[in-house]
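The structure under discussion appears below in the form of structure tokens.
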Amino acid sequence: MPLDVLCVGHASFDLVFTVPHHPAADEKIFADALLACGGGPAANAAVTVARLGLKAGFAGYLATDLYGERHLEELAEAGIDTRSVVRGTSPTPLSAVLVKPDGRRALVNYKGDTRPLPPQAFLAPATSARCILFDGHEPELSKPALAWGQTHGAATVLDAGSLHAGTEWLMFRVGHLVASEKFAAQWLGEDDPEQALTALAERSPCVVITLGERGLIWRRGAESGRLPAFPVEAVDTTGAGDVFHGAYAAGLATGMDWPELLRYASAAGALCCTRLGARPGIPSRAEVEQVLAG
Ligand code: ADP
């Protein structure tokens, strides 16, 4: 059985403390709640694909440390094929996040000497994949992964969150460029998503720019359009983009029609905003279908 979606990129671990206020120097405070779970755009997207009932794989780095072991278990428990995960002794990127009641966050990230993986680290899955989703955070690993996917005729998607070496190399090599508003502004040099869409579409067969609660705009060849976001009571928008990209790749893998695919990914992204944290916010297929049924 082929994989539906192979997600290539970043995996991390998050410790999210809910606190009454951010502590001052030498102050000790107690957290009201703690959320400890895996994170990273590509890893979150892989979990999304799995929750939507499809077969996902993940290719990226997780250390043999406590957080890497735990995250690997989480991926395996979700039913994700982890045979393309590269292990090592450099630390699993870890974030300690302090969230106040008003949603404002203070964040400490630690990744020690962990660096992007080299191209030869790519462990090709045992089967083919219908779609490959890149988050751009493993620029060198993405090169053989893209070549591998292309030999299988896989659809290719880039989640372009911000402009850096990884997203720049992939952006015009993939079939679907799904960019954030931030990426579009960085690439164009000004904050004008419509103009960025037109310019990007001159060099890409399919471009989507997501605009958070304002939905998205898209262009595919001569066709273009926009889709508003599904109205939800947003509690925490962390991970909405990752879930949108995972559902978008899932839609491609299952051959959804274009308008249906955009609605599917948007519904999944919106649902993620209704719960605290990215991982706990990832919806099931039944939940997405319920939103779509209105
Ligand atoms: P990114 O985190 O990659 O910048 P966005 O914030 O643009 O991603 O969100 C991706 C998609 O998720 C949006 O196009 C929209 O469909 C959905 N989404 C994001 N925020 C909200 C929100 N507050 N309400 C409803 N849907 C949302």
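Naming scheme: A, B, ... for chains in displayed order of the structure tokens; residues 1 onward per chain; ligands 1 onward as shown.
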For Pro144 (chain A): contacts at 10 Å, only C-alpha atoms, fewer than 6 positions along chain excluded, given as number ranges by chain: A: 118-124, 150
Output of the above residues as an mmCIF file, in the first residue's frame, restricted to C-alpha atoms:
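Output file out-v4.cif is given in full below:
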data_model
loop_
_atom_site.group_PDB
_atom_site.id
_atom_site.type_symbol
_atom_site.label_atom_id
_atom_site.label_comp_id
_atom_site.auth_asym_id
_atom_site.auth_seq_id
_atom_site.Cartn_x
_atom_site.Cartn_y
_atom_site.Cartn_z
ATOM 1 C CA PRO A 118 22.425 16.294 4.992
ATOM 2 C CA PRO A 119 20.905 14.941 1.736
ATOM 3 C CA GLN A 120 22.375 11.458 2.231
ATOM 4 C CA ALA A 121 20.348 11.097 5.450
ATOM 5 C CA PHE A 122 17.108 10.697 3.450
ATOM 6 C CA LEU A 123 15.595 7.264 4.152
ATOM 7 C CA ALA A 124 13.209 6.612 1.286
ATOM 8 C CA GLN A 150 8.920 12.862 -8.690
#
Exercise: Arg173 (chain A) partners within 9 Å, only C-alpha atoms, chain neighbours under 2 positions left out, as a PyMOL selection string: chain A and resi 146+156+169-171+175-177+204
Counting only C-alpha atoms, the option among A:Phe183, A:Phe230, A:Trp148, A:Phe172 closest to Ala160 (chain A): A:Phe183
Nearby residues, ligand 1, 6 Å, only C-alpha atoms and all ligand atoms, as a ChimeraX atom specification: /A:161,180,210-213,215-216,229-232,234,237,240-241,244,266,269-270
Point-to-point distance in Å for CA of Asn44 (chain A) and CA of Asp4 (chain A):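 Calculated distance between CA of Asp4 (chain A) and CA of Asn44 (chain A) is 15.4 Å.
With only C-alpha atoms as the atoms that count, the residue of A:Thr114, A:Ala267, A:Gln195, A:Ile80 with the shortest distance to Gly294 (chain A) is A:Ala267.
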A:Val157, A:Val19, A:Leu252, A:Cys7 ranked by distance to Pro41 (chain A), top pick (using only C-alpha atoms):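 Going through A:Val157, A:Val19, A:Leu252, A:Cys7 one by one, the smallest distance to Pro41 (chain A) is for A:Cys7.
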Selected residue of minimal separation from Asp102 (chain A) among A:His22, A:His245, A:Lys182, A:Arg219, counting only C-alpha atoms: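 With only C-alpha atoms as the atom set, the closest residue is A:His22.
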Residue contacts of Ala59 (chain A) (7 Å, only C-alpha atoms) excluding same-chain residues fewer than 5 positions away, as a list in words: Cys7, Val8, Gly9, Ser84 and Val85 of chain A
Generate the output file for the selected residues, all heavy atoms, as a CSV table (one decimal), in the first residue's frame.
chain,number,residue,atom,x,y,z
A,7,CYS,N,5.4,13.5,4.8
A,7,CYS,CA,5.6,14.9,5.3
A,7,CYS,C,7.1,15.0,5.6
A,7,CYS,O,7.6,14.2,6.4
A,7,CYS,CB,4.8,15.2,6.5
A,7,CYS,SG,3.0,15.1,6.2
A,8,VAL,N,7.8,16.0,5.0
A,8,VAL,CA,9.2,16.1,5.2
A,8,VAL,C,9.5,17.4,5.9
A,8,VAL,O,9.1,18.5,5.4
A,8,VAL,CB,9.9,16.1,3.8
A,8,VAL,CG1,11.4,16.2,3.9
A,8,VAL,CG2,9.5,14.8,3.0
A,9,GLY,N,10.2,17.4,7.0
A,9,GLY,CA,10.6,18.6,7.6
A,9,GLY,C,10.8,18.5,9.1
A,9,GLY,O,11.5,17.6,9.6
A,84,SER,N,11.2,6.7,8.0
A,84,SER,CA,12.0,7.7,7.4
A,84,SER,C,12.5,8.7,8.5
A,84,SER,O,13.1,9.7,8.1
A,84,SER,CB,11.3,8.4,6.3
A,84,SER,OG,10.9,7.5,5.3
A,85,VAL,N,12.3,8.5,9.8
A,85,VAL,CA,12.8,9.4,10.8
A,85,VAL,C,14.3,9.1,11.0
A,85,VAL,O,14.7,7.9,11.2
A,85,VAL,CB,12.0,9.2,12.1
A,85,VAL,CG1,12.6,10.0,13.2
A,85,VAL,CG2,10.5,9.6,11.9
Between CA of Leu62 (chain A) and CA of Ala36 (chain A), distance in Å (one decimal):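 It comes out at 15.9 Å.
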DSSP alpha helix (DSSP H) residues within region 90-282 of chain A, as an MDAnalysis selection string: chainID A and resid 139:151 165:170 181:188 193:201 240:253 258:272
Strand (DSSP E) residues, from DSSP on the backbone, in region 115-288 of chain A, as a ChimeraX atom specification: /A:129-134,155-160,176-180,206-210,216-220,223-227
What would the file look like if the residues just selected were written as a tab-separated table (two decimals), in the first residue's frame with N, CA, C and O atoms?
chain	number	residue	atom	x	y	z
A	129	ALA	N	4.56	7.18	-2.58
A	129	ALA	CA	3.64	8.10	-1.88
A	129	ALA	C	2.82	8.84	-2.92
A	129	ALA	O	3.32	9.16	-4.00
A	130	ARG	N	1.55	9.12	-2.59
A	130	ARG	CA	0.70	9.86	-3.53
A	130	ARG	C	0.99	11.35	-3.49
A	130	ARG	O	0.76	12.05	-4.46
A	131	CYS	N	1.48	11.80	-2.35
A	131	CYS	CA	1.73	13.24	-2.18
A	131	CYS	C	2.90	13.43	-1.22
A	131	CYS	O	3.04	12.66	-0.27
A	132	ILE	N	3.71	14.44	-1.48
A	132	ILE	CA	4.78	14.80	-0.53
A	132	ILE	C	4.57	16.24	-0.10
A	132	ILE	O	4.37	17.12	-0.95
A	133	LEU	N	4.58	16.46	1.20
A	133	LEU	CA	4.42	17.80	1.75
A	133	LEU	C	5.73	18.21	2.42
A	133	LEU	O	6.23	17.50	3.28
A	134	PHE	N	6.25	19.35	2.02
A	134	PHE	CA	7.49	19.88	2.61
A	134	PHE	C	7.16	21.11	3.46
A	134	PHE	O	6.34	21.93	3.05
A	155	ALA	N	2.18	14.05	-6.11
A	155	ALA	CA	1.89	15.48	-6.05
A	155	ALA	C	2.84	16.09	-5.02
A	155	ALA	O	3.17	15.43	-4.03
A	156	THR	N	3.28	17.32	-5.24
A	156	THR	CA	4.24	17.93	-4.31
A	156	THR	C	3.71	19.28	-3.83
A	156	THR	O	3.23	20.08	-4.61
A	157	VAL	N	3.83	19.48	-2.52
A	157	VAL	CA	3.27	20.68	-1.88
A	157	VAL	C	4.34	21.31	-0.98
A	157	VAL	O	5.01	20.59	-0.25
A	158	LEU	N	4.46	22.63	-1.03
A	158	LEU	CA	5.32	23.33	-0.06
A	158	LEU	C	4.46	24.19	0.85
A	158	LEU	O	3.69	25.02	0.38
A	159	ASP	N	4.62	23.98	2.15
A	159	ASP	CA	4.08	24.88	3.16
A	159	ASP	C	5.16	25.94	3.34
A	159	ASP	O	6.17	25.71	4.01
A	160	ALA	N	4.96	27.10	2.70
A	160	ALA	CA	5.96	28.17	2.76
A	160	ALA	C	5.56	29.15	3.85
A	160	ALA	O	4.74	30.05	3.63
A	176	HIS	N	2.49	22.62	-5.92
A	176	HIS	CA	1.56	23.45	-5.15
A	176	HIS	C	2.35	24.29	-4.16
A	176	HIS	O	2.98	23.74	-3.25
A	177	LEU	N	2.30	25.59	-4.35
A	177	LEU	CA	2.96	26.51	-3.43
A	177	LEU	C	1.88	27.10	-2.52
A	177	LEU	O	1.05	27.88	-2.97
A	178	VAL	N	1.88	26.66	-1.25
A	178	VAL	CA	0.87	27.14	-0.30
A	178	VAL	C	1.60	28.05	0.68
A	178	VAL	O	2.33	27.58	1.56
A	179	ALA	N	1.43	29.35	0.50
A	179	ALA	CA	2.24	30.31	1.23
A	179	ALA	C	1.44	31.03	2.30
A	179	ALA	O	0.23	31.24	2.16
A	180	SER	N	2.14	31.43	3.37
A	180	SER	CA	1.51	32.28	4.38
A	180	SER	C	1.57	33.72	3.88
A	180	SER	O	2.34	34.06	2.97
A	206	CYS	N	0.33	26.34	-9.37
A	206	CYS	CA	-0.78	26.46	-8.41
A	206	CYS	C	-0.28	27.16	-7.15
A	206	CYS	O	0.64	26.67	-6.49
A	207	VAL	N	-0.87	28.29	-6.85
A	207	VAL	CA	-0.45	29.07	-5.67
A	207	VAL	C	-1.66	29.35	-4.79
A	207	VAL	O	-2.72	29.74	-5.29
A	208	VAL	N	-1.49	29.13	-3.49
A	208	VAL	CA	-2.51	29.50	-2.50
A	208	VAL	C	-1.81	30.39	-1.49
A	208	VAL	O	-0.69	30.08	-1.06
A	209	ILE	N	-2.42	31.51	-1.13
A	209	ILE	CA	-1.90	32.31	-0.01
A	209	ILE	C	-2.96	32.30	1.08
A	209	ILE	O	-4.11	32.73	0.85
A	210	THR	N	-2.59	31.77	2.25
A	210	THR	CA	-3.55	31.71	3.36
A	210	THR	C	-3.46	33.01	4.17
A	210	THR	O	-2.36	33.54	4.39
A	216	LEU	N	-8.41	32.66	2.36
A	216	LEU	CA	-7.30	32.44	1.41
A	216	LEU	C	-7.64	32.99	0.03
A	216	LEU	O	-8.81	33.21	-0.30
A	217	ILE	N	-6.58	33.18	-0.75
A	217	ILE	CA	-6.72	33.50	-2.17
A	217	ILE	C	-5.91	32.48	-2.95
A	217	ILE	O	-4.93	31.93	-2.42
A	218	TRP	N	-6.30	32.18	-4.18
A	218	TRP	CA	-5.59	31.14	-4.94
A	218	TRP	C	-5.58	31.47	-6.43
A	218	TRP	O	-6.40	32.25	-6.91
A	219	ARG	N	-4.63	30.86	-7.12
A	219	ARG	CA	-4.56	30.96	-8.58
A	219	ARG	C	-4.01	29.65	-9.13
A	219	ARG	O	-3.01	29.13	-8.64
A	220	ARG	N	-4.70	29.10	-10.13
A	220	ARG	CA	-4.26	27.85	-10.79
A	220	ARG	C	-4.33	28.09	-12.26
A	220	ARG	O	-5.40	28.12	-12.84
A	223	GLU	N	-7.20	30.22	-13.81
A	223	GLU	CA	-8.29	30.34	-12.83
A	223	GLU	C	-7.79	30.97	-11.53
A	223	GLU	O	-6.65	30.71	-11.12
A	224	SER	N	-8.65	31.72	-10.88
A	224	SER	CA	-8.29	32.25	-9.56
A	224	SER	C	-9.54	32.47	-8.73
A	224	SER	O	-10.66	32.46	-9.27
A	225	GLY	N	-9.35	32.65	-7.44
A	225	GLY	CA	-10.50	32.89	-6.58
A	225	GLY	C	-10.09	33.13	-5.15
A	225	GLY	O	-8.90	33.23	-4.83
A	226	ARG	N	-11.11	33.25	-4.28
A	226	ARG	CA	-10.85	33.40	-2.85
A	226	ARG	C	-11.88	32.60	-2.07
A	226	ARG	O	-12.94	32.29	-2.60
A	227	LEU	N	-11.51	32.25	-0.85
A	227	LEU	CA	-12.42	31.49	0.00
A	227	LEU	C	-12.33	32.07	1.41
A	227	LEU	O	-11.23	32.14	1.97
